[in-house]
Amino acid sequence: MMVSMEDARRTPAGKVLPMPKAPDGVELRHLRAFVAVAEELNFGRAATRLYLSQPALSRQIRALERLIGCDLLRRSTHRVELTVAGEALLDRTRRLLDDVDDAVATTRSVGGETEGRLARIWEPVNDLTSAGSDLQTLRNVCEELHAQFPLPDVDVRPVNAGGVPSLVVGPPPAAPATLLYLHGGGYVMGSAFGYRHLAGALALAAEATALVPEYRLAPEHPFPAALEDALRAYQWMLDSGAAPDEVTVAGDSSGAGLALSLLLTLKAQGLPMPGGAALLCPGVDLTFDDDLEPSNEIQPTLTVEQLRSFAESYLGGHPADDGVVHPLGADLTGLPPLLIQGGTGDVIVEDAHRLADRARRHGVDTRLELYPVDTHDFQVFWSFLPEAADAVEQAGRFAHDTRAARDTGAGAPSPR
């Protein structure tokens, strides 16, 4: 770069001339697109990961290269590789995007309104768990917690799904159910009625109708009662006209664990698999070998002892390391595409990481989405927490694409 004598005289001694600023046209969407392609090294998988069409993703990458002024990727018919410039940009861009996400989360934290509301909602649960209250009291408080949330604009009607009392929840007018929603609650709490608000929000996002079975709870009905109910509800959906590959199984927390038990049982019995599964803050390790310490004061402070007691009540003496209840030790080969969501501050977010790693090692198309939130089961707060609303929207889109792929004959979508 040539510098005139006049410019040199104006530059203070001992200082380096500033580097040119980044072009004003570079946007976060360009950078997120670049990181996705750089990590996947496949435009198709990266496009699916970002819920973009492949041509739209290619346009964003070309725009970024044009704005920066150099090639970031080498493309050929069979492979995509990073250039030296691309490798230099990748690490710095990851840090930049992490800083942006952290800045947004910190700003919201400073504002305090959302976190304060979360703390107030969880407070009755925290008070009871710290006092060691009995299970029935915890069940009552769980129902009261869910009763605080608004019901979206959906129709709700009761059905008997193969002998399992259930609710059909969906946008009016009600259509045949293609979304099976299994609620959380540690296998000992929760209900279809309580979770109808979350199932309804997911159904709206998916433009589908959800079946929410009132599966039996432990300790009154230990394993395999809940799994048997989930299996009957799924079979009822197929008997009612839903094609297996247009069905998405979804669940939050322990409900996600139950969803995986259902998939593994279908596989073992040679029964038709659904088109995909959306697992929200999955709780899939019933051994609780590690001490769990909440990193903040927002999420419910269930003790490890209480969590173990819930697991023991559910298992009823069944081995905790049996693959059907312990997917982290099971052969996941042949499972349908998985969308896994977790909160970065969730006390059991490691379950989501371990599950995603194992599923990928077994060849399962898997997408792991992490959101900067500090509470377990954050999707429950879809009505006021922006990250939760976004997560529900993404899960709904995944279910919608699963159904659409079947309708167009394109096959199940890859969430990667």
# chains A, B, ... in the order shown; residues from 1 in each chain; ligands from 1

$ select_by_dssp --residues "range 139-321 of chain A" --states "alpha helix (DSSP H)" --output "number ranges by chain"
A: 139-147, 196-206, 225-239, 254-269, 304-315

$ residues_around --residues "Leu57 in chain A" --least-positions-apart "3" --cutoff "9 Å" --atoms "only C-alpha atoms" --output "number ranges by chain"
A: 30, 33-34, 37, 43, 46-47, 50, 52-54, 60-62

$ write_last_selection --atoms "C-alpha atoms" --output "PDB file, in the first residue's frame"
ATOM      1  CA  HIS A  30     -23.276 -14.160   5.523  1.00  0.00           C
ATOM      2  CA  ALA A  33     -23.759 -19.240   6.286  1.00  0.00           C
ATOM      3  CA  PHE A  34     -19.981 -19.437   5.886  1.00  0.00           C
ATOM      4  CA  VAL A  37     -20.600 -24.618   5.097  1.00  0.00           C
ATOM      5  CA  PHE A  43     -23.666 -27.196   0.780  1.00  0.00           C
ATOM      6  CA  ALA A  46     -25.388 -26.694   5.502  1.00  0.00           C
ATOM      7  CA  ALA A  47     -28.503 -25.442   3.710  1.00  0.00           C
ATOM      8  CA  LEU A  50     -29.835 -23.211   8.212  1.00  0.00           C
ATOM      9  CA  LEU A  52     -32.287 -22.334   3.496  1.00  0.00           C
ATOM     10  CA  SER A  53     -32.473 -23.536  -0.056  1.00  0.00           C
ATOM     11  CA  GLN A  54     -29.126 -24.561  -1.501  1.00  0.00           C
ATOM     12  CA  GLN A  60     -24.782 -15.789   0.415  1.00  0.00           C
ATOM     13  CA  ILE A  61     -21.344 -17.425   0.174  1.00  0.00           C
ATOM     14  CA  ARG A  62     -20.650 -15.786  -3.195  1.00  0.00           C
TER      15      ARG A  62
END

$ atom_distance --atom1 "CA of Ser76 in chain A" --atom2 "CA of Gly25 in chain A"
27.1 Å

$ atom_distance --atom1 "CA of Gly162 in chain A" --atom2 "CA of Arg216 in chain A"
13.7 Å

$ select_by_dssp --residues "range 299-356 of chain A" --states "strand (DSSP E or B)" --output "ChimeraX atom specification"
/A:338-343

$ write_last_selection --atoms "C-alpha atoms" --output "CSV table (one decimal), in the first residue's frame"
chain,number,residue,atom,x,y,z
A,338,LEU,CA,-33.1,-36.3,14.8
A,339,LEU,CA,-33.4,-32.7,15.8
A,340,ILE,CA,-31.9,-32.2,19.3
A,341,GLN,CA,-32.2,-28.9,21.2
A,342,GLY,CA,-30.5,-27.8,24.4
A,343,GLY,CA,-30.0,-24.8,26.5

$ residues_around --residues "range 170-172 of chain A" --least-positions-apart "5" --cutoff "8 Å" --atoms "only C-alpha atoms" --output "ChimeraX atom specification"
/A:153-156,200,203-204,207-210

$ residues_around --residues "Gly334 in chain A" --least-positions-apart "2" --cutoff "10 Å" --atoms "only C-alpha atoms" --output "number ranges by chain"
A: 263-264, 267, 273, 331-332, 336-337, 359, 362-365

$ write_last_selection --atoms "C-alpha atoms" --output "compact mmCIF listing (two decimals), in the first residue's frame"
# COMPACT_ATOMS: atom_id res chain seq x y z
CA LEU A 263 -37.94 -45.46 18.31
CA LEU A 264 -35.67 -48.19 19.65
CA LYS A 267 -36.63 -50.81 15.46
CA MET A 273 -40.40 -45.88 11.75
CA ASP A 331 -27.20 -49.08 18.94
CA LEU A 332 -28.90 -46.12 17.27
CA PRO A 336 -34.80 -41.52 11.56
CA PRO A 337 -33.37 -37.97 11.40
CA ALA A 359 -26.26 -40.73 16.95
CA HIS A 362 -24.08 -44.56 14.29
CA GLY A 363 -24.88 -42.86 11.00
CA VAL A 364 -28.05 -41.04 12.09
CA ASP A 365 -28.73 -37.68 10.45
